[in-house]
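Here's the structure we're looking at; comments come further down.
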Amino acid sequence: QVRFVESGGGLVQPGESLTLSCTTSGIITSVFNSNAMAWYRQVPGKQRELVASMPKSGPANYADSVKGRFTVSRDNARKKAYLQMIDLKLEDTAVYYCSHLNYPTTWGQGTQVTVSS
């Protein structure tokens, strides 16, 4: 059974940083390495939004709202993904989820990021 577990969220002030982690299980390494990992976020009452994606090779892609502040990475050997977030803003407040392109309907519980002064 494929599972994603997100962690690393918390309550921070504007301008601070957080790094989120995504631990996967139930995916064999070759499948994990074969496709993109992505991070999404969702605010209550709104659709889930793609924040960043990391393909199996080549550069990452980012939503315009986070370019220059967020950095996505992946550890293929450990089948994990990360989202480094700096200079956090109030509007970054959301539940963050990771995803793998081979499993588009599989979601974890997410990790809450709250940016508040």
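Every chain in the structure tokens takes a letter, A first, then B, and so on in the order presented; its residues are numbered from 1, and the ligands are numbered from 1 following the presented order.
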
Select from range 5-35 of chain A every residue with an atom at most 9 Å from any atom of range 90-112 of chain A, then for each give the shortest pair of atoms and their distance in Å to one decimal, using only C-alpha atoms, rows by chain and rising number, as JSON lines.
{"residue": "A:Val5", "atom": "CA", "partner": "A:Gly108", "partner_atom": "CA", "distance": 5.4}
{"residue": "A:Glu6", "atom": "CA", "partner": "A:Gly110", "partner_atom": "CA", "distance": 5.3}
{"residue": "A:Ser7", "atom": "CA", "partner": "A:Thr111", "partner_atom": "CA", "distance": 5.5}
{"residue": "A:Gly8", "atom": "CA", "partner": "A:Thr111", "partner_atom": "CA", "distance": 6.9}
{"residue": "A:Gly9", "atom": "CA", "partner": "A:Gln112", "partner_atom": "CA", "distance": 5.2}
{"residue": "A:Gly10", "atom": "CA", "partner": "A:Gln112", "partner_atom": "CA", "distance": 6.2}
{"residue": "A:Leu11", "atom": "CA", "partner": "A:Gln112", "partner_atom": "CA", "distance": 8.3}
{"residue": "A:Gln13", "atom": "CA", "partner": "A:Leu90", "partner_atom": "CA", "distance": 8.3}
{"residue": "A:Pro14", "atom": "CA", "partner": "A:Leu90", "partner_atom": "CA", "distance": 6.3}
{"residue": "A:Leu20", "atom": "CA", "partner": "A:Thr111", "partner_atom": "CA", "distance": 8.1}
{"residue": "A:Ser21", "atom": "CA", "partner": "A:Cys98", "partner_atom": "CA", "distance": 8.6}
{"residue": "A:Cys22", "atom": "CA", "partner": "A:Cys98", "partner_atom": "CA", "distance": 6.3}
{"residue": "A:Thr23", "atom": "CA", "partner": "A:Cys98", "partner_atom": "CA", "distance": 8.9}
{"residue": "A:Val31", "atom": "CA", "partner": "A:Asn102", "partner_atom": "CA", "distance": 8.0}
{"residue": "A:Phe32", "atom": "CA", "partner": "A:His100", "partner_atom": "CA", "distance": 7.7}
{"residue": "A:Ser34", "atom": "CA", "partner": "A:Asn102", "partner_atom": "CA", "distance": 8.5}
{"residue": "A:Asn35", "atom": "CA", "partner": "A:Leu101", "partner_atom": "CA", "distance": 6.0}

#### Entry: Residues near range 66-83 of chain A, cut-off 9 Å, only C-alpha atoms, skip fewer than 3 positions along chain, as a PyMOL selection string
chain A and resi 18-25+27-30+32-33+37-39+51-54+56+60-63+86-88+92+98

Given the selection you just returned, output its residues as a file containing N, CA, C and O atoms, formatted as a compact mmCIF listing (two decimals), in the first residue's frame.
# COMPACT_ATOMS: atom_id res chain seq x y z
N LEU A 18 10.87 27.22 7.21
CA LEU A 18 10.52 25.85 7.59
C LEU A 18 10.97 24.91 6.47
O LEU A 18 11.02 25.32 5.30
N THR A 19 11.28 23.69 6.84
CA THR A 19 11.54 22.66 5.84
C THR A 19 10.59 21.49 6.08
O THR A 19 10.56 20.92 7.18
N LEU A 20 9.82 21.18 5.07
CA LEU A 20 8.89 20.07 5.13
C LEU A 20 9.53 18.80 4.57
O LEU A 20 10.35 18.88 3.64
N SER A 21 9.15 17.68 5.12
CA SER A 21 9.64 16.39 4.63
C SER A 21 8.47 15.52 4.22
O SER A 21 7.38 15.61 4.79
N CYS A 22 8.72 14.68 3.24
CA CYS A 22 7.73 13.72 2.77
C CYS A 22 8.38 12.34 2.76
O CYS A 22 9.37 12.12 2.03
N THR A 23 7.86 11.47 3.56
CA THR A 23 8.36 10.09 3.62
C THR A 23 7.37 9.19 2.89
O THR A 23 6.17 9.26 3.17
N THR A 24 7.88 8.40 1.96
CA THR A 24 6.99 7.51 1.22
C THR A 24 7.23 6.07 1.65
O THR A 24 8.30 5.71 2.11
N SER A 25 6.21 5.27 1.48
CA SER A 25 6.34 3.83 1.72
C SER A 25 5.45 3.11 0.72
O SER A 25 4.48 3.68 0.20
N ILE A 27 6.39 2.11 -2.19
CA ILE A 27 6.82 2.39 -3.57
C ILE A 27 8.21 1.81 -3.75
O ILE A 27 9.12 2.13 -2.98
N ILE A 28 8.40 0.98 -4.77
CA ILE A 28 9.74 0.47 -5.00
C ILE A 28 10.60 1.59 -5.60
O ILE A 28 10.09 2.52 -6.23
N THR A 29 11.88 1.50 -5.36
CA THR A 29 12.78 2.60 -5.71
C THR A 29 12.71 2.96 -7.19
O THR A 29 12.68 4.15 -7.53
N SER A 30 12.68 1.98 -8.05
CA SER A 30 12.67 2.27 -9.49
C SER A 30 11.42 3.04 -9.90
O SER A 30 11.48 3.92 -10.76
N PHE A 32 9.66 5.03 -7.78
CA PHE A 32 9.83 6.36 -7.18
C PHE A 32 10.69 7.23 -8.08
O PHE A 32 10.38 8.40 -8.32
N ASN A 33 11.77 6.65 -8.59
CA ASN A 33 12.70 7.43 -9.41
C ASN A 33 12.18 7.73 -10.81
O ASN A 33 12.77 8.54 -11.51
N MET A 37 7.96 14.10 -8.18
CA MET A 37 7.36 14.35 -6.87
C MET A 37 6.88 15.80 -6.86
O MET A 37 7.47 16.66 -7.52
N ALA A 38 5.83 16.04 -6.11
CA ALA A 38 5.28 17.39 -6.08
C ALA A 38 4.78 17.73 -4.68
O ALA A 38 4.49 16.84 -3.88
N TRP A 39 4.70 19.03 -4.43
CA TRP A 39 4.11 19.54 -3.20
C TRP A 39 2.90 20.39 -3.57
O TRP A 39 2.97 21.21 -4.49
N VAL A 51 2.29 23.69 -5.65
CA VAL A 51 3.30 24.63 -5.18
C VAL A 51 4.62 24.43 -5.92
O VAL A 51 5.25 25.38 -6.37
N ALA A 52 5.06 23.17 -6.01
CA ALA A 52 6.35 22.88 -6.62
C ALA A 52 6.37 21.43 -7.07
O ALA A 52 5.73 20.58 -6.47
N SER A 53 7.13 21.18 -8.12
CA SER A 53 7.29 19.80 -8.57
C SER A 53 8.74 19.56 -8.95
O SER A 53 9.44 20.47 -9.42
N MET A 54 9.17 18.34 -8.67
CA MET A 54 10.56 17.96 -8.93
C MET A 54 10.53 16.76 -9.86
O MET A 54 10.20 15.66 -9.43
N LYS A 56 11.97 13.65 -12.42
CA LYS A 56 13.04 12.68 -12.18
C LYS A 56 14.38 13.23 -12.63
O LYS A 56 15.43 12.84 -12.10
N ALA A 60 13.40 21.96 -11.31
CA ALA A 60 12.11 21.96 -10.62
C ALA A 60 11.23 23.08 -11.18
O ALA A 60 11.71 24.02 -11.82
N ASN A 61 9.95 22.96 -10.91
CA ASN A 61 8.99 23.98 -11.32
C ASN A 61 8.28 24.51 -10.08
O ASN A 61 8.00 23.74 -9.15
N TYR A 62 7.97 25.80 -10.10
CA TYR A 62 7.37 26.44 -8.94
C TYR A 62 6.19 27.31 -9.34
O TYR A 62 6.19 27.91 -10.42
N ALA A 63 5.22 27.40 -8.44
CA ALA A 63 4.17 28.39 -8.62
C ALA A 63 4.78 29.78 -8.51
O ALA A 63 5.75 29.99 -7.76
N ILE A 86 11.60 29.59 2.74
CA ILE A 86 12.18 30.73 3.43
C ILE A 86 11.29 31.94 3.22
O ILE A 86 10.42 31.95 2.34
N ASP A 87 11.53 32.97 4.04
CA ASP A 87 10.77 34.22 3.92
C ASP A 87 9.27 33.94 3.82
O ASP A 87 8.57 34.43 2.92
N LEU A 88 8.78 33.17 4.75
CA LEU A 88 7.37 32.79 4.71
C LEU A 88 6.46 33.99 4.89
O LEU A 88 6.78 34.94 5.64
N ASP A 92 1.12 32.01 2.87
CA ASP A 92 1.62 30.64 2.74
C ASP A 92 0.93 29.69 3.72
O ASP A 92 1.16 28.48 3.68
N CYS A 98 2.38 16.16 -0.05
CA CYS A 98 3.27 15.71 -1.12
C CYS A 98 2.53 14.70 -1.98
O CYS A 98 1.54 14.09 -1.57

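A straight line drawn from CA of Ser117 in chain A to CA of Lys89 in chain A is 9.8 Å long.
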
### Task
Using DSSP on the backbone, list every residue of chain A that comes out as alpha helix (DSSP H), and give them as a list of chain:residue names.
A:Thr29, A:Ser30, A:Val31, A:Phe32, A:Asn33

### Query
If you measure from CA of Ser65 in chain A to CA of Phe4 in chain A, what distance in Å do you get, rounded to one decimal?
24.6 Å

### Summary
CA of Glu16 in chain A sits from CA of Gly58 in chain A at a separation of 28.4 Å

### Task
Output as JSON, numbers by chain all residues of chain A that backbone DSSP marks as strand (DSSP E).
{"A": [3, 4, 5, 6, 7, 10, 11, 12, 18, 19, 20, 21, 22, 23, 24, 25, 37, 38, 39, 40, 41, 42, 49, 50, 51, 52, 53, 54, 61, 62, 70, 71, 72, 73, 74, 75, 80, 81, 82, 83, 84, 85, 94, 95, 96, 97, 98, 99, 100, 111, 112, 113, 114, 115]}

### Query
Which one of A:Ala36, A:Arg41, A:Val2, A:Met85 sits closest to Pro59 in chain A if you count only C-alpha atoms?
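Among A:Ala36, A:Arg41, A:Val2, A:Met85, it is A:Ala36 that comes nearest to Pro59 in chain A.
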